[in-house]
file entry13.csv (CSV, C-alpha atoms)
chain,number,residue,atom,x,y,z
A,1,ASP,CA,176.1,180.1,-38.6
A,2,VAL,CA,177.1,176.6,-37.6
A,3,THR,CA,177.9,175.6,-34.0
A,4,PHE,CA,180.2,172.6,-33.4
A,5,GLU,CA,179.8,171.1,-29.9
A,6,VAL,CA,183.0,169.1,-29.3
A,7,THR,CA,183.7,166.5,-26.6
A,8,ASN,CA,187.0,164.8,-26.1
A,9,ASP,CA,185.9,161.2,-25.3
A,10,SER,CA,189.5,160.1,-24.7
A,11,LYS,CA,190.5,159.0,-21.2
A,12,GLU,CA,194.2,159.8,-21.7
A,13,MET,CA,194.8,162.2,-24.7
A,14,ILE,CA,194.3,165.8,-25.5
A,15,HIS,CA,192.5,166.5,-28.7
A,16,GLU,CA,191.4,169.6,-30.6
A,17,MET,CA,189.1,170.3,-33.6
A,18,LEU,CA,189.9,172.8,-36.4
A,19,VAL,CA,187.7,173.8,-39.3
A,20,ALA,CA,189.2,174.7,-42.7
A,21,PRO,CA,187.9,175.2,-46.2
A,22,VAL,CA,188.7,172.6,-48.8
A,23,ALA,CA,189.5,173.7,-52.4
A,24,ASP,CA,190.4,170.2,-53.6
A,25,SER,CA,189.3,167.1,-51.6
A,26,THR,CA,191.9,164.9,-53.4
A,27,LYS,CA,194.8,166.8,-51.9
A,28,PRO,CA,196.0,166.6,-48.3
A,29,LEU,CA,196.3,169.6,-46.1
A,30,PRO,CA,199.7,171.4,-46.0
A,31,TYR,CA,201.8,169.4,-43.6
A,32,VAL,CA,205.0,170.1,-41.6
A,33,SER,CA,206.7,166.7,-41.3
A,34,SER,CA,209.1,167.8,-38.6
A,35,ASP,CA,206.2,168.9,-36.4
A,36,VAL,CA,204.0,165.9,-37.4
A,37,ARG,CA,201.2,168.4,-37.8
A,38,VAL,CA,199.2,170.4,-40.4
A,39,ASP,CA,200.5,173.8,-41.1
A,40,GLU,CA,197.6,175.7,-39.5
A,41,GLU,CA,198.4,179.1,-41.2
A,42,ALA,CA,198.7,177.5,-44.6
A,43,SER,CA,195.4,175.5,-44.0
A,44,LYS,CA,193.6,178.8,-43.7
A,45,ASP,CA,191.6,177.4,-40.8
A,46,LEU,CA,188.5,179.3,-39.8
A,47,GLY,CA,188.6,178.5,-36.1
A,48,GLU,CA,189.2,175.8,-33.6
A,49,VAL,CA,188.2,174.2,-30.3
A,50,SER,CA,191.8,173.9,-29.0
A,51,GLU,CA,193.5,171.4,-26.8
A,52,LEU,CA,190.6,169.7,-24.9
A,53,ASP,CA,191.7,167.7,-21.9
A,54,PRO,CA,190.2,164.2,-21.7
A,55,GLY,CA,186.5,164.3,-20.9
A,56,LYS,CA,186.3,168.1,-21.6
A,57,SER,CA,184.0,169.9,-24.0
A,58,GLY,CA,184.0,173.1,-26.0
A,59,SER,CA,182.1,174.8,-28.8
A,60,LEU,CA,182.8,176.9,-31.9
A,61,THR,CA,180.3,178.9,-33.8
A,62,ILE,CA,181.3,180.2,-37.3
A,63,ALA,CA,179.6,181.4,-40.4
A,64,LEU,CA,180.1,178.9,-43.2
A,65,LYS,CA,179.3,179.6,-46.8
A,66,PRO,CA,178.3,176.7,-49.1
A,67,GLY,CA,181.3,174.5,-49.8
A,68,THR,CA,183.4,171.6,-48.5
A,69,TYR,CA,185.2,171.9,-45.2
A,70,ILE,CA,187.5,169.6,-43.2
A,71,LEU,CA,187.3,169.0,-39.5
A,72,PHE,CA,190.6,167.7,-38.1
A,73,CYS,CA,192.6,167.2,-34.9
A,74,ASN,CA,196.0,168.9,-35.1
A,75,VAL,CA,197.7,167.3,-32.1
A,76,ALA,CA,201.0,165.9,-33.3
A,77,GLY,CA,200.3,162.8,-35.4
A,78,HIS,CA,196.6,162.8,-35.2
A,79,TYR,CA,195.7,164.1,-38.7
A,80,MET,CA,197.9,161.6,-40.4
A,81,ALA,CA,196.4,158.9,-38.1
A,82,GLY,CA,193.0,159.7,-39.7
A,83,MET,CA,191.4,162.1,-37.3
A,84,TRP,CA,189.7,164.2,-39.9
A,85,THR,CA,186.4,164.3,-41.8
A,86,LEU,CA,184.9,166.3,-44.6
A,87,ILE,CA,181.6,168.1,-44.4
A,88,THR,CA,179.5,169.8,-47.0
A,89,VAL,CA,177.5,173.0,-46.4
A,90,GLU,CA,174.7,173.5,-48.9

call {"tool": "encode", "arguments": {"input": "entry13.csv", "output": "structure tokens"}}
result
Amino acid sequence: DVTFEVTNDSKEMIHEMLVAPVADSTKPLPYVSSDVRVDEEASKDLGEVSELDPGKSGSLTIALKPGTYILFCNVAGHYMAGMWTLITVE
């Protein structure tokens, strides 16, 4: 089990954090251009800390098998602005 403790350090914007498995780290997540967001269903996300107001915190505990995962914010425009990172579970 892995617990993610998430804090929105922004003073003005809502943020969230989703966790999804990555099959190929050279390919972007499925994206819906009209919504300016990742297609969450197609990303097969495993869970999220959703829509944290500025200064708020939340947590998510999930069982992760060995592999590569992406953590990303799916508020409109945030993923494409670079609000994502890859992690590896060994």

call {"tool": "residues_around", "arguments": {"input": "entry13.csv", "residues": "region 76-85 of chain A", "least_positions_apart": "5", "cutoff": "7 Å", "atoms": "only C-alpha atoms", "output": "PyMOL selection string"}}
result
chain A and resi 35-37+70-71

call {"tool": "residues_around", "arguments": {"input": "entry13.csv", "residues": "Val2 (chain A)", "least_positions_apart": "6", "cutoff": "10 Å", "atoms": "all atoms listed in the file", "output": "count of residues only"}}
result
7

call {"tool": "atom_distance", "arguments": {"input": "entry13.csv", "atom1": "CA of Lys27 (chain A)", "atom2": "CA of Asn8 (chain A)"}}
result
27.0 Å

call {"tool": "atom_distance", "arguments": {"input": "entry13.csv", "atom1": "CA of Thr88 (chain A)", "atom2": "CA of Phe4 (chain A)"}}
result
13.9 Å

call {"tool": "residues_around", "arguments": {"input": "entry13.csv", "residues": "Glu90 (chain A)", "least_positions_apart": "5", "cutoff": "9 Å", "atoms": "only C-alpha atoms", "output": "ChimeraX atom specification"}}
result
/A:65-68

call {"tool": "closest_residue", "arguments": {"input": "entry13.csv", "among": "A:Ile87, A:Val38, A:Pro30, A:Ser25", "to": "Asn74 (chain A)", "atoms": "all atoms listed in the file"}}
result
A:Val38

call {"tool": "atom_distance", "arguments": {"input": "entry13.csv", "atom1": "CA of Asp9 (chain A)", "atom2": "CA of Val49 (chain A)"}}
result
14.1 Å

call {"tool": "residues_around", "arguments": {"input": "entry13.csv", "residues": "Lys44 (chain A)", "least_positions_apart": "3", "cutoff": "10 Å", "atoms": "all atoms listed in the file", "output": "ChimeraX atom specification"}}
result
/A:19-22,29-30,39-41,47

call {"tool": "write_last_selection", "arguments": {"input": "entry13.csv", "atoms": "C-alpha atoms", "output": "CSV table (one decimal), in the frame of the given file"}}
result
chain,number,residue,atom,x,y,z
A,19,VAL,CA,187.7,173.8,-39.3
A,20,ALA,CA,189.2,174.7,-42.7
A,21,PRO,CA,187.9,175.2,-46.2
A,22,VAL,CA,188.7,172.6,-48.8
A,29,LEU,CA,196.3,169.6,-46.1
A,30,PRO,CA,199.7,171.4,-46.0
A,39,ASP,CA,200.5,173.8,-41.1
A,40,GLU,CA,197.6,175.7,-39.5
A,41,GLU,CA,198.4,179.1,-41.2
A,47,GLY,CA,188.6,178.5,-36.1

call {"tool": "residues_near_point", "arguments": {"input": "entry13.csv", "point": "(188.4, 164.9, -21.8)", "cutoff": "8 Å", "atoms": "only C-alpha atoms", "output": "PDB file with C-alpha atoms, in the coordinates of the input"}}
result
ATOM      1  CA  THR A   7     183.700 166.500 -26.600  1.00  0.00           C
ATOM      2  CA  ASN A   8     187.000 164.800 -26.100  1.00  0.00           C
ATOM      3  CA  ASP A   9     185.900 161.200 -25.300  1.00  0.00           C
ATOM      4  CA  SER A  10     189.500 160.100 -24.700  1.00  0.00           C
ATOM      5  CA  LYS A  11     190.500 159.000 -21.200  1.00  0.00           C
ATOM      6  CA  GLU A  12     194.200 159.800 -21.700  1.00  0.00           C
ATOM      7  CA  MET A  13     194.800 162.200 -24.700  1.00  0.00           C
ATOM      8  CA  ILE A  14     194.300 165.800 -25.500  1.00  0.00           C
ATOM      9  CA  LEU A  52     190.600 169.700 -24.900  1.00  0.00           C
ATOM     10  CA  ASP A  53     191.700 167.700 -21.900  1.00  0.00           C
ATOM     11  CA  PRO A  54     190.200 164.200 -21.700  1.00  0.00           C
ATOM     12  CA  GLY A  55     186.500 164.300 -20.900  1.00  0.00           C
ATOM     13  CA  LYS A  56     186.300 168.100 -21.600  1.00  0.00           C
ATOM     14  CA  SER A  57     184.000 169.900 -24.000  1.00  0.00           C
TER      15      SER A  57
END

call {"tool": "axis_aligned_box", "arguments": {"input": "entry13.csv", "around": "region 58-75 of chain A", "padding_each_side": "4 Å", "output": "lines of an AutoDock Vina configuration file"}}
result
center_x = 188.0
center_y = 174.3
center_z = -37.9
size_x = 27.4
size_y = 22.2
size_z = 31.8

call {"tool": "closest_residue", "arguments": {"input": "entry13.csv", "among": "A:Asp1, A:Phe72, A:Tyr31, A:Glu16", "to": "Gly58 (chain A)", "atoms": "all atoms listed in the file"}}
result
A:Glu16

call {"tool": "closest_residue", "arguments": {"input": "entry13.csv", "among": "A:Glu51, A:Tyr69, A:Ser33, A:Thr3", "to": "Leu86 (chain A)", "atoms": "only C-alpha atoms"}}
result
A:Tyr69
